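**Q** One file: upload36.cif (mmCIF, C-alpha atoms and all ligand atoms).
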data_final
loop_
_atom_site.label_atom_id
_atom_site.label_comp_id
_atom_site.auth_asym_id
_atom_site.auth_seq_id
_atom_site.Cartn_x
_atom_site.Cartn_y
_atom_site.Cartn_z
CA MET A 903 35.94 18.45 -34.00
CA SER A 904 39.30 18.88 -35.77
CA ASP A 905 40.07 17.03 -39.04
CA ASP A 906 42.71 15.08 -37.16
CA ALA A 907 40.19 13.84 -34.67
CA LYS A 908 37.74 12.88 -37.44
CA SER A 909 40.31 10.71 -39.21
CA LEU A 910 41.12 8.97 -35.95
CA ALA A 911 37.51 8.33 -35.06
CA PRO A 912 36.62 5.08 -36.92
CA SER A 913 39.55 3.02 -35.67
CA ARG A 914 39.02 4.27 -32.14
CA ARG A 915 35.38 3.34 -32.28
CA GLN A 916 36.22 -0.25 -33.22
CA PHE A 917 38.65 -0.36 -30.35
CA LEU A 918 36.04 0.96 -27.95
CA THR A 919 33.50 -1.74 -28.83
CA GLY A 920 35.95 -4.36 -27.65
CA ALA A 921 36.73 -2.42 -24.51
CA ALA A 922 33.07 -2.08 -23.59
CA ALA A 923 32.59 -5.85 -23.68
CA ALA A 924 35.62 -6.42 -21.43
CA GLY A 925 34.39 -3.72 -19.04
CA ALA A 926 30.99 -5.36 -18.66
CA GLY A 927 32.64 -8.57 -17.42
CA ALA A 928 34.52 -6.70 -14.73
CA VAL A 929 31.38 -5.02 -13.38
CA ALA A 930 29.45 -8.29 -13.16
CA ALA A 931 32.09 -9.65 -10.80
CA GLY A 932 31.38 -6.83 -8.34
CA ALA A 933 33.18 -3.48 -8.25
CA ALA A 934 35.32 -2.68 -11.30
CA ARG A 935 39.01 -3.16 -10.45
CA ALA A 936 41.83 -1.55 -12.42
CA ALA A 937 43.58 -4.81 -13.24
CA THR A 938 44.12 -4.65 -17.01
CA PRO A 939 44.82 -1.37 -18.82
CA ASP A 940 41.51 0.09 -19.98
CA PRO A 941 41.91 2.03 -23.24
CA LEU A 942 39.05 4.29 -22.15
CA ILE A 943 41.47 5.48 -19.49
CA THR A 944 44.91 4.95 -21.04
CA GLU A 945 44.20 6.24 -24.60
CA VAL A 946 43.44 9.83 -25.55
CA GLN A 947 39.82 9.68 -26.66
CA GLU A 948 38.05 11.32 -29.58
CA TRP A 949 36.24 13.73 -27.28
CA ALA A 950 39.51 14.92 -25.78
CA SER A 951 41.31 15.31 -29.11
CA GLY A 952 39.37 18.29 -30.41
CA LEU A 953 37.13 21.06 -29.23
CA GLY A 954 33.59 20.71 -27.99
CA GLU A 955 30.61 22.84 -28.99
CA GLY A 956 30.53 26.55 -28.26
CA VAL A 957 28.04 28.17 -25.90
CA ASP A 958 26.11 29.59 -28.84
CA ALA A 959 25.27 26.12 -30.21
CA THR A 960 22.33 25.45 -27.89
CA PRO A 961 20.38 28.50 -26.67
CA TYR A 962 17.87 26.13 -25.09
CA GLY A 963 19.13 22.63 -24.41
CA MET A 964 17.70 19.25 -25.29
CA PRO A 965 18.88 15.99 -23.71
CA ILE A 966 22.06 14.55 -25.25
CA GLN A 967 21.49 12.22 -28.25
CA PHE A 968 22.41 9.14 -26.21
CA GLU A 969 19.26 9.65 -24.15
CA SER A 970 16.97 9.89 -27.17
CA ASP A 971 14.90 6.88 -26.11
CA VAL A 972 13.84 8.59 -22.87
CA VAL A 973 10.73 10.11 -24.40
CA ARG A 974 6.98 10.12 -24.03
CA ARG A 975 5.35 7.25 -25.83
CA ASN A 976 1.74 6.49 -26.67
CA VAL A 977 -0.22 3.29 -27.04
CA GLU A 978 -1.54 3.32 -30.59
CA TRP A 979 -4.69 1.26 -30.08
CA LEU A 980 -5.79 3.28 -27.03
CA THR A 981 -7.30 6.26 -28.85
CA ALA A 982 -8.64 6.74 -32.36
CA ASP A 983 -6.41 9.75 -33.08
CA THR A 984 -3.54 11.69 -31.49
CA ILE A 985 -5.56 14.88 -30.88
CA SER A 986 -7.95 13.62 -28.23
CA SER A 987 -5.33 11.35 -26.81
CA ILE A 988 -2.69 10.66 -24.20
CA ASN A 989 0.98 9.79 -23.97
CA PHE A 990 3.05 8.46 -21.09
CA THR A 991 5.97 9.69 -18.96
CA PRO A 992 9.08 7.46 -19.29
CA ILE A 993 9.12 6.84 -15.53
CA HIS A 994 11.21 3.68 -16.01
CA ALA A 995 14.17 5.84 -17.08
CA LEU A 996 13.86 8.81 -14.69
CA ASP A 997 15.18 9.15 -11.16
CA GLY A 998 14.56 11.55 -8.30
CA THR A 999 11.05 12.97 -8.16
CA ILE A 1000 10.79 16.01 -10.44
CA THR A 1001 9.45 15.29 -13.92
CA PRO A 1002 11.04 17.39 -16.67
CA GLN A 1003 8.25 19.13 -18.60
CA GLY A 1004 9.67 17.86 -21.90
CA CYS A 1005 8.81 14.24 -21.15
CA ALA A 1006 5.85 14.68 -18.78
CA PHE A 1007 2.72 12.89 -20.05
CA GLU A 1008 0.15 14.89 -22.00
CA ARG A 1009 -3.59 14.46 -22.06
CA HIS A 1010 -5.71 16.61 -24.34
CA HIS A 1011 -9.37 16.35 -25.24
CA SER A 1012 -9.06 18.63 -28.26
CA GLY A 1013 -5.32 19.08 -28.78
CA ALA A 1014 -2.73 21.43 -27.28
CA ILE A 1015 -3.45 25.04 -28.20
CA GLU A 1016 -1.15 28.05 -28.60
CA LEU A 1017 -2.33 30.98 -26.50
CA ARG A 1018 -0.13 34.07 -26.19
CA LYS A 1019 0.25 35.74 -22.78
CA GLU A 1020 -1.00 38.98 -24.36
CA ASP A 1021 -4.24 37.26 -25.39
CA TYR A 1022 -4.72 35.56 -22.03
CA ARG A 1023 -7.72 36.46 -19.86
CA LEU A 1024 -9.00 34.80 -16.67
CA MET A 1025 -12.55 35.60 -15.65
CA ILE A 1026 -14.05 35.08 -12.20
CA ASN A 1027 -17.84 35.39 -12.31
CA GLY A 1028 -21.03 33.94 -10.87
CA LEU A 1029 -21.82 34.25 -7.17
CA VAL A 1030 -19.25 36.94 -6.40
CA GLU A 1031 -19.49 40.54 -5.23
CA THR A 1032 -17.39 41.84 -8.14
CA PRO A 1033 -16.90 39.82 -11.32
CA LEU A 1034 -13.26 40.26 -12.35
CA VAL A 1035 -11.06 39.69 -15.38
CA PHE A 1036 -7.32 39.21 -14.93
CA THR A 1037 -4.64 39.55 -17.59
CA TYR A 1038 -1.43 37.52 -17.31
CA GLU A 1039 0.36 40.60 -15.98
CA ASP A 1040 -2.34 41.08 -13.34
CA LEU A 1041 -1.74 37.54 -12.07
CA GLU A 1042 1.99 38.22 -11.76
CA ARG A 1043 1.27 41.01 -9.26
CA PHE A 1044 -0.40 38.82 -6.63
CA PRO A 1045 1.67 37.17 -3.87
CA ARG A 1046 3.21 34.04 -5.34
CA GLU A 1047 3.73 30.52 -4.00
CA ASN A 1048 5.99 27.61 -4.98
CA ARG A 1049 4.78 24.07 -4.36
CA VAL A 1050 5.59 20.56 -5.65
CA TYR A 1051 2.69 18.24 -6.54
CA PHE A 1052 2.00 15.14 -8.59
CA CYS A 1053 -0.66 15.17 -11.29
CA GLU A 1054 -2.11 11.75 -12.09
CA CYS A 1055 -4.73 11.13 -14.75
CA ALA A 1056 -7.65 9.17 -13.26
CA ALA A 1057 -7.16 6.72 -16.16
CA ASN A 1058 -3.60 5.86 -15.09
CA SER A 1059 -3.34 2.03 -14.92
CA GLY A 1060 -6.88 1.89 -16.36
CA MET A 1061 -5.89 -0.64 -19.00
CA GLU A 1062 -4.80 -3.04 -16.25
CA TRP A 1063 -8.21 -3.49 -14.59
CA ALA A 1064 -9.12 -6.73 -16.32
CA GLY A 1065 -5.62 -8.21 -16.31
CA ALA A 1066 -1.93 -7.51 -16.86
CA GLN A 1067 -1.73 -5.97 -20.31
CA LEU A 1068 0.93 -3.37 -21.10
CA ASN A 1069 4.57 -4.31 -20.78
CA GLY A 1070 6.30 -1.38 -19.11
CA ALA A 1071 5.99 0.98 -16.13
CA GLN A 1072 5.78 3.85 -18.62
CA PHE A 1073 2.54 2.42 -20.01
CA THR A 1074 0.99 0.98 -16.85
CA HIS A 1075 1.82 3.94 -14.55
CA GLY A 1076 3.14 6.76 -16.75
CA MET A 1077 0.07 9.03 -16.73
CA ILE A 1078 1.73 10.91 -13.90
CA HIS A 1079 4.11 13.80 -13.47
CA ASN A 1080 5.45 15.77 -10.53
CA MET A 1081 6.51 19.40 -10.86
CA GLU A 1082 7.30 22.46 -8.82
CA TYR A 1083 4.61 25.01 -9.61
CA SER A 1084 4.82 28.76 -9.16
CA GLY A 1085 1.61 30.69 -9.12
CA VAL A 1086 -1.09 32.43 -7.14
CA SER A 1087 -3.43 30.63 -4.79
CA LEU A 1088 -6.98 30.46 -6.20
CA ARG A 1089 -8.17 31.58 -2.79
CA THR A 1090 -6.41 34.93 -3.22
CA LEU A 1091 -8.21 35.57 -6.52
CA LEU A 1092 -11.58 34.41 -5.18
CA GLU A 1093 -11.19 36.71 -2.18
CA GLU A 1094 -10.38 39.56 -4.56
CA ALA A 1095 -13.75 38.96 -6.26
CA GLY A 1096 -15.54 38.32 -2.94
CA VAL A 1097 -17.43 35.00 -2.80
CA SER A 1098 -21.14 35.40 -1.95
CA PRO A 1099 -22.49 33.38 1.01
CA GLU A 1100 -24.51 31.15 -1.40
CA GLY A 1101 -21.30 30.15 -3.25
CA LYS A 1102 -20.59 26.45 -2.64
CA TRP A 1103 -18.82 25.29 -5.81
CA VAL A 1104 -16.60 26.67 -8.55
CA TYR A 1105 -16.87 25.60 -12.18
CA VAL A 1106 -13.51 25.84 -13.94
CA GLU A 1107 -12.94 25.70 -17.68
CA GLY A 1108 -10.13 26.00 -20.20
CA ALA A 1109 -9.74 28.06 -23.37
CA ASP A 1110 -9.37 25.03 -25.67
CA ALA A 1111 -12.29 23.77 -27.76
CA SER A 1112 -13.04 20.96 -25.28
CA SER A 1113 -13.05 23.47 -22.36
CA ASN A 1114 -12.74 20.44 -20.05
CA GLY A 1115 -15.19 21.97 -17.53
CA ARG A 1116 -15.17 20.62 -13.98
CA SER A 1117 -16.93 21.46 -10.72
CA ILE A 1118 -14.81 21.79 -7.59
CA PRO A 1119 -16.24 22.22 -4.08
CA LEU A 1120 -15.54 25.72 -2.75
CA GLU A 1121 -13.80 24.20 0.28
CA LYS A 1122 -11.08 22.72 -1.95
CA ALA A 1123 -10.92 25.84 -4.14
CA MET A 1124 -10.22 27.90 -1.00
CA ASP A 1125 -7.71 25.37 0.35
CA ASP A 1126 -4.59 24.47 -1.69
CA VAL A 1127 -5.55 25.05 -5.37
CA LEU A 1128 -3.02 27.07 -7.37
CA VAL A 1129 -3.38 29.17 -10.50
CA ALA A 1130 0.06 28.30 -11.87
CA PHE A 1131 2.14 29.90 -14.60
CA LYS A 1132 5.55 28.30 -14.06
CA ALA A 1133 6.55 24.65 -13.74
CA ASN A 1134 10.01 23.57 -12.62
CA GLY A 1135 11.08 27.20 -12.79
CA GLU A 1136 10.21 27.90 -16.42
CA ALA A 1137 7.03 28.89 -18.22
CA LEU A 1138 4.52 26.09 -18.61
CA ARG A 1139 5.04 24.24 -21.86
CA LYS A 1140 2.28 24.61 -24.43
CA GLU A 1141 1.12 21.04 -23.82
CA HIS A 1142 0.81 21.62 -20.07
CA GLY A 1143 -1.43 24.66 -20.42
CA TYR A 1144 0.69 27.71 -21.27
CA PRO A 1145 0.34 30.37 -20.07
CA VAL A 1146 -1.79 29.39 -17.03
CA ARG A 1147 -3.17 26.14 -15.63
CA LEU A 1148 -5.00 25.06 -12.52
CA VAL A 1149 -3.19 22.84 -10.01
CA VAL A 1150 -5.60 20.82 -7.84
CA PRO A 1151 -3.29 18.98 -5.42
CA GLY A 1152 -3.99 15.29 -4.85
CA TRP A 1153 -7.10 15.32 -7.05
CA GLU A 1154 -7.53 13.58 -10.40
CA GLY A 1155 -5.64 15.11 -13.32
CA ASN A 1156 -8.82 15.91 -15.25
CA MET A 1157 -9.57 18.72 -12.77
CA TRP A 1158 -6.20 20.39 -13.44
CA VAL A 1159 -7.69 22.61 -16.15
CA LYS A 1160 -5.12 23.83 -18.69
CA TRP A 1161 -5.29 27.19 -20.49
CA LEU A 1162 -7.55 28.22 -17.57
CA ARG A 1163 -10.02 30.89 -18.76
CA ARG A 1164 -12.91 31.00 -16.30
CA VAL A 1165 -13.84 30.27 -12.70
CA GLU A 1166 -17.55 30.57 -12.00
CA VAL A 1167 -18.74 30.51 -8.41
CA MET A 1168 -21.96 28.49 -8.17
CA ASP A 1169 -24.34 27.13 -5.55
CA GLN A 1170 -24.27 23.62 -7.05
CA PRO A 1171 -22.09 21.51 -9.33
CA VAL A 1172 -22.63 21.61 -13.10
CA GLU A 1173 -22.58 17.80 -13.56
CA SER A 1174 -20.63 18.26 -16.79
CA ARG A 1175 -19.70 15.47 -19.19
CA GLU A 1176 -16.26 15.20 -17.62
CA GLU A 1177 -17.76 14.46 -14.21
CA THR A 1178 -20.71 12.23 -15.15
CA SER A 1179 -20.17 10.08 -18.25
CA LYS A 1180 -16.40 10.21 -17.71
CA TYR A 1181 -14.13 9.90 -14.68
CA THR A 1182 -16.75 7.93 -12.73
CA ASP A 1183 -16.49 4.24 -11.81
CA THR A 1184 -19.35 1.83 -12.50
CA LEU A 1185 -19.53 -0.85 -9.82
CA ALA A 1186 -20.57 -4.49 -10.28
CA ASN A 1187 -24.22 -3.64 -9.43
CA GLY A 1188 -24.35 -0.96 -12.15
CA VAL A 1189 -24.26 2.00 -9.75
CA SER A 1190 -21.52 4.51 -10.54
CA ARG A 1191 -19.26 6.16 -8.00
CA LYS A 1192 -18.85 9.86 -8.71
CA TRP A 1193 -16.98 12.76 -7.07
CA THR A 1194 -14.03 10.40 -6.75
CA TRP A 1195 -11.61 13.28 -6.73
CA GLU A 1196 -8.80 12.18 -4.44
CA MET A 1197 -6.18 9.86 -5.91
CA ASP A 1198 -5.60 6.99 -3.49
CA ALA A 1199 -2.10 5.95 -2.41
CA LYS A 1200 -0.19 4.07 -5.07
CA SER A 1201 3.33 3.01 -5.96
CA VAL A 1202 5.27 1.24 -8.68
CA VAL A 1203 8.75 -0.20 -9.05
CA THR A 1204 10.23 1.73 -11.98
CA SER A 1205 13.47 -0.29 -12.18
CA PRO A 1206 13.94 -3.13 -12.71
CA SER A 1207 10.85 -3.31 -14.90
CA PRO A 1208 10.04 -4.53 -18.43
CA GLN A 1209 11.66 -1.48 -20.09
CA ALA A 1210 14.50 -1.42 -17.56
CA PRO A 1211 15.79 -5.00 -17.31
CA ILE A 1212 18.74 -6.04 -15.14
CA LYS A 1213 21.78 -6.19 -17.42
CA HIS A 1214 24.56 -6.67 -14.90
CA GLY A 1215 23.78 -10.14 -13.57
CA LYS A 1216 23.65 -11.11 -9.91
CA GLY A 1217 25.16 -9.10 -7.08
CA PRO A 1218 24.39 -5.56 -5.93
CA LEU A 1219 21.04 -4.40 -7.35
CA VAL A 1220 19.28 -1.09 -6.82
CA ILE A 1221 15.51 -1.54 -6.83
CA THR A 1222 13.75 1.80 -7.13
CA GLY A 1223 10.34 3.27 -7.69
CA LEU A 1224 7.82 6.00 -6.96
CA ALA A 1225 5.02 6.31 -4.41
CA TRP A 1226 2.33 8.96 -3.96
CA SER A 1227 -0.97 9.72 -2.27
CA GLY A 1228 -3.66 12.30 -2.96
CA ARG A 1229 -4.69 12.15 0.69
CA GLY A 1230 -1.43 13.34 2.20
CA SER A 1231 2.17 12.22 2.26
CA ILE A 1232 3.86 8.84 1.85
CA THR A 1233 4.96 7.47 5.21
CA GLY A 1234 6.50 4.22 3.99
CA VAL A 1235 6.89 1.81 1.07
CA ASP A 1236 7.26 -1.95 1.37
CA VAL A 1237 8.87 -4.01 -1.36
CA SER A 1238 8.25 -7.71 -1.97
CA LEU A 1239 10.51 -9.96 -4.04
CA ASP A 1240 8.13 -12.93 -3.82
CA GLY A 1241 4.78 -11.66 -5.05
CA GLY A 1242 3.56 -10.31 -1.71
CA LYS A 1243 4.38 -13.25 0.57
CA SER A 1244 7.02 -11.30 2.47
CA TRP A 1245 7.81 -7.58 2.59
CA GLN A 1246 10.84 -5.42 3.35
CA GLU A 1247 10.76 -1.73 4.18
CA ALA A 1248 12.25 0.39 1.39
CA ARG A 1249 14.42 3.45 2.02
CA LEU A 1250 12.71 6.75 1.18
CA ALA A 1251 15.12 9.09 -0.61
CA ALA A 1252 13.53 11.94 1.35
CA PRO A 1253 10.60 12.02 3.77
CA GLY A 1254 7.27 12.06 1.91
CA THR A 1255 5.76 15.48 1.28
CA ASP A 1256 2.13 16.46 0.84
CA LYS A 1257 0.59 15.16 -2.44
CA ALA A 1258 3.95 14.81 -4.18
CA LEU A 1259 5.94 11.90 -5.54
CA THR A 1260 8.28 10.09 -3.14
CA ARG A 1261 11.29 8.15 -4.45
CA PHE A 1262 12.15 4.85 -2.76
CA TYR A 1263 15.11 2.51 -2.98
CA LEU A 1264 15.77 -1.04 -1.85
CA ASP A 1265 19.43 -2.03 -2.20
CA ILE A 1266 19.76 -5.81 -2.38
CA ASN A 1267 22.31 -8.43 -3.20
CA TRP A 1268 20.48 -10.26 -6.00
CA ASP A 1269 21.20 -14.00 -6.04
CA GLY A 1270 20.14 -14.23 -9.69
CA SER A 1271 16.92 -16.13 -9.06
CA GLU A 1272 13.62 -14.89 -10.44
CA MET A 1273 11.54 -12.41 -8.48
CA LEU A 1274 7.92 -11.32 -8.34
CA LEU A 1275 8.63 -7.69 -7.60
CA GLN A 1276 5.99 -5.51 -5.94
CA ALA A 1277 5.78 -2.22 -4.06
CA ARG A 1278 3.11 -1.22 -1.53
CA ALA A 1279 2.58 2.39 -0.45
CA LYS A 1280 1.40 3.62 2.95
CA ASP A 1281 0.21 7.20 3.51
CA SER A 1282 -0.28 9.66 6.34
CA SER A 1283 -3.99 8.82 6.58
CA GLY A 1284 -3.08 5.24 7.58
CA TYR A 1285 -4.17 3.83 4.20
CA VAL A 1286 -2.28 0.89 2.68
CA GLN A 1287 -2.25 0.31 -1.10
CA PRO A 1288 -4.50 -2.69 -1.92
CA THR A 1289 -3.80 -5.79 -4.02
CA LYS A 1290 -5.61 -6.21 -7.32
CA ALA A 1291 -7.88 -8.85 -5.75
CA GLN A 1292 -8.81 -6.55 -2.84
CA LEU A 1293 -9.60 -3.67 -5.19
CA ARG A 1294 -11.68 -5.83 -7.56
CA GLU A 1295 -13.68 -7.15 -4.60
CA VAL A 1296 -14.85 -3.61 -3.82
CA ARG A 1297 -15.04 -2.17 -7.32
CA GLY A 1298 -15.87 -5.11 -9.59
CA LEU A 1299 -14.50 -5.23 -13.12
CA ASN A 1300 -16.42 -2.43 -14.86
CA SER A 1301 -14.03 0.34 -13.87
CA ILE A 1302 -11.60 2.18 -16.09
CA TYR A 1303 -10.49 4.89 -13.70
CA HIS A 1304 -8.85 5.03 -10.26
CA ASN A 1305 -6.90 1.77 -10.34
CA ASN A 1306 -4.35 2.02 -7.53
CA ALA A 1307 -3.68 -1.71 -7.08
CA ILE A 1308 -0.27 -3.23 -6.37
CA GLN A 1309 1.70 -3.93 -9.58
CA THR A 1310 3.79 -7.08 -10.11
CA TRP A 1311 6.86 -7.46 -12.34
CA TRP A 1312 8.11 -10.98 -12.96
CA VAL A 1313 11.89 -10.55 -13.09
CA LYS A 1314 13.46 -13.59 -14.70
CA ALA A 1315 16.90 -15.08 -14.03
CA ASN A 1316 18.23 -13.42 -17.20
CA GLY A 1317 17.19 -10.01 -15.81
CA GLU A 1318 14.28 -9.42 -18.19
CA ALA A 1319 10.98 -8.41 -16.64
CA GLU A 1320 7.34 -8.90 -17.56
CA ASN A 1321 4.01 -7.49 -16.41
CA VAL A 1322 2.12 -10.27 -14.59
CA GLU A 1323 -0.56 -10.80 -11.94
CA VAL A 1324 -0.29 -12.96 -8.87
CA SER A 1325 -3.35 -14.50 -7.27
N1 LIG A 1401 -7.56 21.00 -19.48
C1 LIG A 1401 -8.04 21.36 -20.69
N2 LIG A 1401 -8.36 22.64 -20.89
N3 LIG A 1401 -8.19 20.45 -21.70
C2 LIG A 1401 -7.88 19.12 -21.51
O1 LIG A 1401 -8.03 18.32 -22.44
N4 LIG A 1401 -7.07 17.38 -19.92
C3 LIG A 1401 -7.16 17.04 -18.50
C4 LIG A 1401 -6.41 18.07 -17.64
N5 LIG A 1401 -6.73 19.41 -18.02
C5 LIG A 1401 -7.40 18.71 -20.23
C6 LIG A 1401 -7.23 19.71 -19.25
C7 LIG A 1401 -6.67 15.72 -18.15
S1 LIG A 1401 -7.73 14.39 -18.40
C8 LIG A 1401 -5.48 15.53 -17.48
S2 LIG A 1401 -5.03 14.00 -16.92
C9 LIG A 1401 -4.53 16.64 -17.26
O2 LIG A 1401 -5.02 17.87 -17.80
C10 LIG A 1401 -3.21 16.31 -17.93
O3 LIG A 1401 -2.31 17.37 -17.81
P1 LIG A 1401 -0.98 17.35 -18.70
O4 LIG A 1401 -1.38 17.26 -20.15
O5 LIG A 1401 -0.22 18.56 -18.34
O6 LIG A 1401 -0.24 16.10 -18.32
CO CO A 1402 -6.75 12.70 -17.38
#
Please re-express this file's structure in structure tokens.

**A**
Amino acid sequence: MSDDAKSLAPSRRQFLTGAAAAGAGAVAAGAARAATPDPLITEVQEWASGLGEGVDATPYGMPIQFESDVVRRNVEWLTADTISSINFTPIHALDGTITPQGCAFERHHSGAIELRKEDYRLMINGLVETPLVFTYEDLERFPRENRVYFCECAANSGMEWAGAQLNGAQFTHGMIHNMEYSGVSLRTLLEEAGVSPEGKWVYVEGADASSNGRSIPLEKAMDDVLVAFKANGEALRKEHGYPVRLVVPGWEGNMWVKWLRRVEVMDQPVESREETSKYTDTLANGVSRKWTWEMDAKSVVTSPSPQAPIKHGKGPLVITGLAWSGRGSITGVDVSLDGGKSWQEARLAAPGTDKALTRFYLDINWDGSEMLLQARAKDSSGYVQPTKAQLREVRGLNSIYHNNAIQTWWVKANGEAENVEVS
């Protein structure tokens, strides 16, 4: 910025504050009409009075400072420390379907490790003809695939089982991200090693201290599982498993092993900690459901929502949200403004794709009265997302994981929204 521009800046800023207030009034009335001169248009602005930044200022870009509140957040009381912990994607502030890696939720059992590509090894052993070890460069030489999938932690919405608790879509539904992965199909690597006829399961583990070991049926391992090294076109970020992670489409996030180091072909599952004492659901009668791998269809209105209130008053309102299913694709989303009494079909931004997030919109003319806003997802298996009451009837109240119930936001006449339950 030139010195001239700097000396002009303070007075212009004062001027702009006034203009912003006047502008807001115009929008509330409907479309903004060019009735009175708007200094943002008629005056030469600070940003046009000097030079911008050069191309050498930002070798790798971060979001502009005005978007600095669109970040992952955690819930302090949820975990004892930030190492074995979780944070949440700011889904209330994103649009489209692809989650930028920089704000995609993280879940680590023993922290995010730094593992250089040169030090990376992937071993395939157990019931195979030839045990193999791959370097990162070896993996790059196998035929590659690009696919978009959501990854949802089984604990997503877990804090909402007993009642409405956290005030924001980021916290109630933000243990999810959706990325385009590039990698090699696990099937290709398993075929390279040659699976023995007795092989029925694979046990996958990571290179971090927790290892996060999980058993996966061979059928799934040979189906659509990816050994991925790129996400959204760039290398995986450290926190998402650099240099290589497993992508297990539609199945709970815990199975998406990061820093993948070993795949052992076995004739039975390991019954590891992560698949027995964790990620299982204890029913009312004390019996626990296990092998609950597939994430059932689910949706949430991301805006308006508690962190994304309506600021423009009544009139045209874009209601939007996300829907997904681990059992296939989203075929439709219904939206209710009255707590589930009546439903309208939302518009899907694009037809649902297999095990990926779908964006929906409902464009309404809001009359300014309060709403009990809900979304209900339907998937290609014919499944319809249940209400909280329906889910509790089947699963009781002991569960933490796999809560895919319909969410309600109470949108008040002033545009603010709150997390509530309807009975
Ligand atoms: N893999 C390893 N090696 N260590 C871990 O702690 N956490 C799991 C899974 N893979 C974990 C792991 C859990 S519970 C989830 S929900 C996903 O990674 C989260 O992936 P993300 O951190 O990229 O969002
Ligand atoms: Co998880």

**Q** Hey, what's within 8 Å of Ser1207 (chain A) if we count all atoms listed in the file and toss same-chain stuff fewer than 2 positions away? As number ranges by chain, please?

**A** A: 994, 1070-1071, 1203-1205, 1209-1211, 1311, 1313, 1318-1320

**Q** Neighbouring residues of ligand CO 1402 (chain A) are defined here as those with any atom at most 6 Å from a ligand atom, counting all atoms listed in the file; list them as a list of chain:residue names.

**A**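 Using all atoms listed in the file, everything at most 6 Å from ligand CO 1402 (chain A) comes to A:Arg1009, A:Cys1055, A:Ala1056, A:Gly1155, A:Asn1156.
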
**Q** Ligand LIG 1401 (chain A): which residues are within 6 Å, counting only C-alpha atoms and all ligand atoms, as a short mmCIF file (atom, residue, chain, number, x, y, z; two decimals) with C-alpha atoms, in the frame of the given file?

**A**
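Result file result-v9.cif:
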data_model
loop_
_atom_site.label_atom_id
_atom_site.label_comp_id
_atom_site.auth_asym_id
_atom_site.auth_seq_id
_atom_site.Cartn_x
_atom_site.Cartn_y
_atom_site.Cartn_z
CA PHE A 1007 2.72 12.89 -20.05
CA GLU A 1008 0.15 14.89 -22.00
CA ARG A 1009 -3.59 14.46 -22.06
CA HIS A 1010 -5.71 16.61 -24.34
CA HIS A 1011 -9.37 16.35 -25.24
CA SER A 1012 -9.06 18.63 -28.26
CA CYS A 1055 -4.73 11.13 -14.75
CA GLY A 1108 -10.13 26.00 -20.20
CA ASP A 1110 -9.37 25.03 -25.67
CA SER A 1113 -13.05 23.47 -22.36
CA ASN A 1114 -12.74 20.44 -20.05
CA GLU A 1141 1.12 21.04 -23.82
CA HIS A 1142 0.81 21.62 -20.07
CA GLY A 1155 -5.64 15.11 -13.32
CA ASN A 1156 -8.82 15.91 -15.25
CA MET A 1157 -9.57 18.72 -12.77
CA TRP A 1158 -6.20 20.39 -13.44
CA VAL A 1159 -7.69 22.61 -16.15
CA LYS A 1160 -5.12 23.83 -18.69
CA TRP A 1161 -5.29 27.19 -20.49
#

**Q** Extract, using all atoms listed in the file, all DNA, RNA and protein residues at most 10 Å from Leu1041 (chain A), discarding same-chain residues fewer than 3 positions from it, and format them as a list in words.

**A**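 Once the nearby chain positions are removed, what remains is Arg1023, Leu1024, Phe1036, Thr1037, Tyr1038, Phe1044, Pro1045, Arg1046, Gly1085, Val1086, Leu1091, Val1129, Ala1130, Phe1131 and Val1146 of chain A.
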
**Q** To one decimal place, how far is CA of Glu1054 (chain A) from CA of Ala1186 (chain A) in Å?

**A**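 Result for CA of Glu1054 (chain A) versus CA of Ala1186 (chain A): 24.7 Å, one decimal.
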
**Q** Give me the residues within 9 Å of Ala1252 (chain A) as number ranges by chain, counting all atoms listed in the file and dropping any in the same chain fewer than 4 places off.

**A** A: 1260-1262

**Q** Step by step: start from the point (-28.3, 26.8, -1.8) in the file's coordinates, keep every protein, DNA or RNA residue that has an atom no farther than 12 Å from it, count only C-alpha atoms, and write the set as a tab-separated table (two decimals) with C-alpha atoms, in the frame of the given file.

**A**
chain	number	residue	atom	x	y	z
A	1029	LEU	CA	-21.82	34.25	-7.17
A	1098	SER	CA	-21.14	35.40	-1.95
A	1099	PRO	CA	-22.49	33.38	1.01
A	1100	GLU	CA	-24.51	31.15	-1.40
A	1101	GLY	CA	-21.30	30.15	-3.25
A	1102	LYS	CA	-20.59	26.45	-2.64
A	1103	TRP	CA	-18.82	25.29	-5.81
A	1168	MET	CA	-21.96	28.49	-8.17
A	1169	ASP	CA	-24.34	27.13	-5.55
A	1170	GLN	CA	-24.27	23.62	-7.05
A	1171	PRO	CA	-22.09	21.51	-9.33

**Q** Between A:Ala959, A:Ala1109, A:Ala1307, A:Asp1198, which has the minimum distance to Tyr1022 (chain A) (counting only C-alpha atoms)?

**A**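 Nearest to Tyr1022 (chain A): A:Ala1109.
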
**Q** Have a look at CA of Met1081 (chain A) and CA of Leu1120 (chain A) and let me know their distance in Å, one decimal.

**A**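 Interatomic distance, CA of Met1081 (chain A) to CA of Leu1120 (chain A): 24.3 Å.
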
**Q** Could you check the closest approach to Val1030 (chain A) for each of A:Ala1133, A:Val1172, A:Val1167, A:Leu1274 and tell me which residue wins, using all atoms listed in the file?

**A** A:Val1167

**Q** Suppose you want the space between CA of Thr1182 (chain A) and CA of Cys1005 (chain A); what is it in Å?

**A** 27.6 Å

**Q** Hey, which of A:Ala982, A:Leu1148, A:Ala950, A:Met964 ends up closest to Gly1115 (chain A)? Count all atoms listed in the file.

**A**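 For Gly1115 (chain A), the nearest of the candidates is A:Leu1148.
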